[in-house]
file final-v5.txt (compact mmCIF, C-alpha atoms)
# COMPACT_ATOMS: atom_id res chain seq x y z
CA MET A 1 0.00 0.00 0.00
CA ILE A 2 1.40 3.39 -0.90
CA LEU A 3 0.04 6.51 0.76
CA ASN A 4 1.15 9.63 -1.04
CA ARG A 5 -0.66 11.96 1.32
CA ALA A 6 -1.88 10.83 4.71
CA LEU A 7 -5.18 12.32 5.80
CA ILE A 8 -4.41 14.76 8.57
CA SER A 9 -7.36 15.43 10.82
CA GLU A 10 -5.66 17.85 13.19
CA THR A 11 -2.58 20.02 13.20
CA VAL A 12 -1.08 20.55 16.61
CA THR A 13 1.01 23.70 16.58
CA SER A 14 3.30 25.46 18.97
CA ASP A 15 4.27 29.07 19.55
CA SER A 16 7.49 28.36 17.70
CA ALA A 17 7.74 28.42 13.94
CA PHE A 18 10.54 25.87 13.68
CA TYR A 19 8.45 22.68 13.83
CA THR A 20 4.97 21.32 13.15
CA ILE A 21 3.24 18.35 14.71
CA ARG A 22 0.32 16.80 12.81
CA TYR A 23 -2.00 14.07 13.99
CA SER A 24 -4.33 11.88 11.92
CA GLU A 25 -6.91 10.04 13.97
CA PRO A 26 -8.12 7.87 11.02
CA LEU A 27 -4.55 6.72 10.33
CA ASN A 28 -3.49 6.62 13.99
CA LEU A 29 -0.41 8.57 12.87
CA ILE A 30 1.52 11.44 14.38
CA GLU A 31 4.08 13.37 12.35
CA ILE A 32 6.71 15.90 13.28
CA HIS A 33 8.48 18.07 10.73
CA TRP A 34 11.22 20.55 11.55
CA ASP A 35 11.57 23.65 9.37
CA MET A 36 14.82 24.47 11.15
CA VAL A 37 16.47 23.83 14.48
CA THR A 38 19.06 26.27 15.67
CA SER A 39 19.68 25.25 19.26
CA PRO A 40 19.60 22.25 21.59
CA GLU A 41 16.83 23.98 23.55
CA GLU A 42 14.61 24.14 20.44
CA LEU A 43 15.20 20.47 19.72
CA GLN A 44 14.34 19.51 23.30
CA GLU A 45 11.27 21.76 23.25
CA SER A 46 9.95 20.16 20.07
CA LEU A 47 10.60 16.59 21.21
CA THR A 48 9.07 17.26 24.63
CA HIS A 49 5.98 18.68 22.92
CA LEU A 50 5.88 15.62 20.64
CA LEU A 51 5.91 13.31 23.67
CA GLN A 52 3.03 15.29 25.21
CA VAL A 53 0.95 14.93 22.04
CA ILE A 54 1.78 11.22 21.83
CA ASP A 55 0.67 10.81 25.44
CA GLU A 56 -2.61 12.64 24.75
CA ARG A 57 -3.49 11.03 21.39
CA GLU A 58 -1.91 7.57 21.84
CA PRO A 59 -1.00 6.97 18.18
CA TRP A 60 0.43 3.69 16.97
CA TYR A 61 2.64 5.25 14.32
CA LEU A 62 5.23 8.04 14.41
CA LEU A 63 6.77 9.67 11.36
CA ALA A 64 9.62 12.12 11.97
CA ASP A 65 11.09 14.17 9.16
CA THR A 66 14.63 14.62 10.51
CA ARG A 67 16.22 16.06 7.37
CA LYS A 68 16.74 19.47 9.04
CA LEU A 69 18.43 17.88 12.06
CA ASN A 70 21.78 17.19 10.42
CA THR A 71 23.56 19.44 12.92
CA LEU A 72 22.95 17.33 16.02
CA GLY A 73 25.74 17.73 18.52
CA ALA A 74 26.94 15.37 21.22
CA ASP A 75 24.69 17.02 23.84
CA ASP A 76 21.66 16.65 21.55
CA GLN A 77 22.43 12.98 20.95
CA SER A 78 22.88 12.39 24.67
CA TRP A 79 19.57 14.08 25.53
CA ILE A 80 17.72 12.08 22.87
CA ARG A 81 19.29 8.83 24.06
CA ASN A 82 18.75 9.51 27.78
CA SER A 83 15.45 11.42 27.83
CA PHE A 84 13.45 11.18 24.60
CA LEU A 85 13.93 7.52 23.69
CA PRO A 86 13.11 6.11 27.16
CA SER A 87 9.93 8.22 27.25
CA LEU A 88 9.00 7.12 23.74
CA SER A 89 9.44 3.50 24.80
CA GLN A 90 6.66 3.96 27.36
CA SER A 91 4.25 5.27 24.71
CA SER A 92 1.68 3.66 22.42
CA VAL A 93 3.94 3.93 19.34
CA VAL A 94 4.64 0.57 17.69
CA LYS A 95 6.30 1.81 14.46
CA PHE A 96 8.63 4.79 14.18
CA ALA A 97 9.72 5.87 10.70
CA ARG A 98 12.39 8.54 10.19
CA ILE A 99 12.90 10.49 7.00
CA MET A 100 16.59 11.32 6.65
CA GLU A 101 18.85 13.05 4.18
CA PRO A 102 20.25 10.54 1.72
CA ASP A 103 23.85 11.56 2.42
CA VAL A 104 26.08 9.12 4.26
CA PHE A 105 27.26 11.57 6.95
CA THR A 106 23.75 12.45 8.16
CA GLN A 107 22.72 8.82 8.17
CA ALA A 108 25.80 7.86 10.18
CA VAL A 109 25.11 10.53 12.82
CA LEU A 110 21.48 9.53 13.31
CA GLU A 111 22.17 5.79 13.14
CA SER A 112 24.92 6.14 15.77
CA LEU A 113 22.37 7.77 18.05
CA LEU A 114 20.47 4.49 18.23
CA GLY A 115 23.37 2.14 17.60
CA TYR A 116 24.21 1.68 21.28
CA MET A 117 21.36 -0.79 21.65
CA GLN A 118 19.11 -3.02 19.69
CA TRP A 119 16.10 -0.73 19.31
CA GLU A 120 13.23 -3.20 18.97
CA GLN A 121 14.36 -5.50 21.78
CA HIS A 122 14.89 -2.66 24.24
CA PHE A 123 12.02 -0.35 23.30
CA GLY A 124 9.44 -2.70 21.81
CA CYS A 125 9.01 -0.41 18.80
CA SER A 126 10.02 -1.04 15.20
CA LEU A 127 12.28 1.66 13.76
CA ARG A 128 13.29 2.20 10.15
CA SER A 129 14.90 5.05 8.25
CA PHE A 130 13.85 6.30 4.82
CA THR A 131 14.81 9.06 2.41
CA ASP A 132 11.23 9.98 1.47
CA ARG A 133 7.78 10.14 3.06
CA GLU A 134 6.12 7.78 0.59
CA SER A 135 8.46 4.89 1.46
CA ALA A 136 8.08 5.58 5.17
CA LEU A 137 4.28 5.51 4.99
CA ASP A 138 4.38 2.39 2.86
CA TRP A 139 6.42 0.61 5.56
CA ILE A 140 4.22 1.90 8.38
CA TYR A 141 1.02 0.56 6.82
CA THR A 142 2.42 -2.73 5.53
CA ALA A 143 2.17 -5.66 7.92

call {"tool": "encode", "arguments": {"input": "final-v5.txt", "output": "structure tokens"}}
result
Amino acid sequence: MILNRALISETVTSDSAFYTIRYSEPLNLIEIHWDMVTSPEELQESLTHLLQVIDEREPWYLLADTRKLNTLGADDQSWIRNSFLPSLSQSSVVKFARIMEPDVFTQAVLESLLGYMQWEQHFGCSLRSFTDRESALDWIYTA
């Protein structure tokens, strides 16, 4: 099944213009897209907000467009590993798809973030990386 455009029933916004969170009740999907991230505080703010929306809506699927996050520093990676991922593991999400830049450097940075453990065994959530939204949605909705 290929979904070119997921039906979005609600857009959850923030006071900041650097990210958007969208939720589709019919698809049980939550998406986050960053327009830009310029500081570790903005990244933490957006991911904390994402966790709040996940807690409220209890989606099964998460799609994160991380193409604008290619400047993650060591502190960002540490915060994601020690704060975001453990909280996500306690959520309703069963499949987490990431859209990444196709370049090798960006993929290596983001893969190393999760490489310290076997994701599915530790968190009980399937995780895959893609270079486009169509492929990510196809994986999410394929058994």

call {"tool": "closest_residue", "arguments": {"input": "final-v5.txt", "among": "A:Arg57, A:Arg128, A:Arg133, A:Lys68", "to": "Ile30 in chain A", "atoms": "only C-alpha atoms"}}
result
A:Arg57

call {"tool": "closest_residue", "arguments": {"input": "final-v5.txt", "among": "A:Ala64, A:Ala74, A:Ile54, A:Ile80", "to": "Thr20 in chain A", "atoms": "all atoms listed in the file"}}
result
A:Ala64

call {"tool": "closest_residue", "arguments": {"input": "final-v5.txt", "among": "A:Trp34, A:Glu58, A:Cys125, A:Leu72", "to": "Pro86 in chain A", "atoms": "only C-alpha atoms"}}
result
A:Cys125

call {"tool": "residues_around", "arguments": {"input": "final-v5.txt", "residues": "Ile99 in chain A", "least_positions_apart": "3", "cutoff": "12 Å", "atoms": "only C-alpha atoms", "output": "ChimeraX atom specification"}}
result
/A:31-34,62-70,96,102-103,106-107,110,127-137,139

call {"tool": "residues_around", "arguments": {"input": "final-v5.txt", "residues": "Asp55 in chain A", "least_positions_apart": "4", "cutoff": "12 Å", "atoms": "all atoms listed in the file", "output": "count of residues only"}}
result
14

call {"tool": "atom_distance", "arguments": {"input": "final-v5.txt", "atom1": "CA of Gln77 in chain A", "atom2": "CA of Val53 in chain A"}}
result
21.6 Å
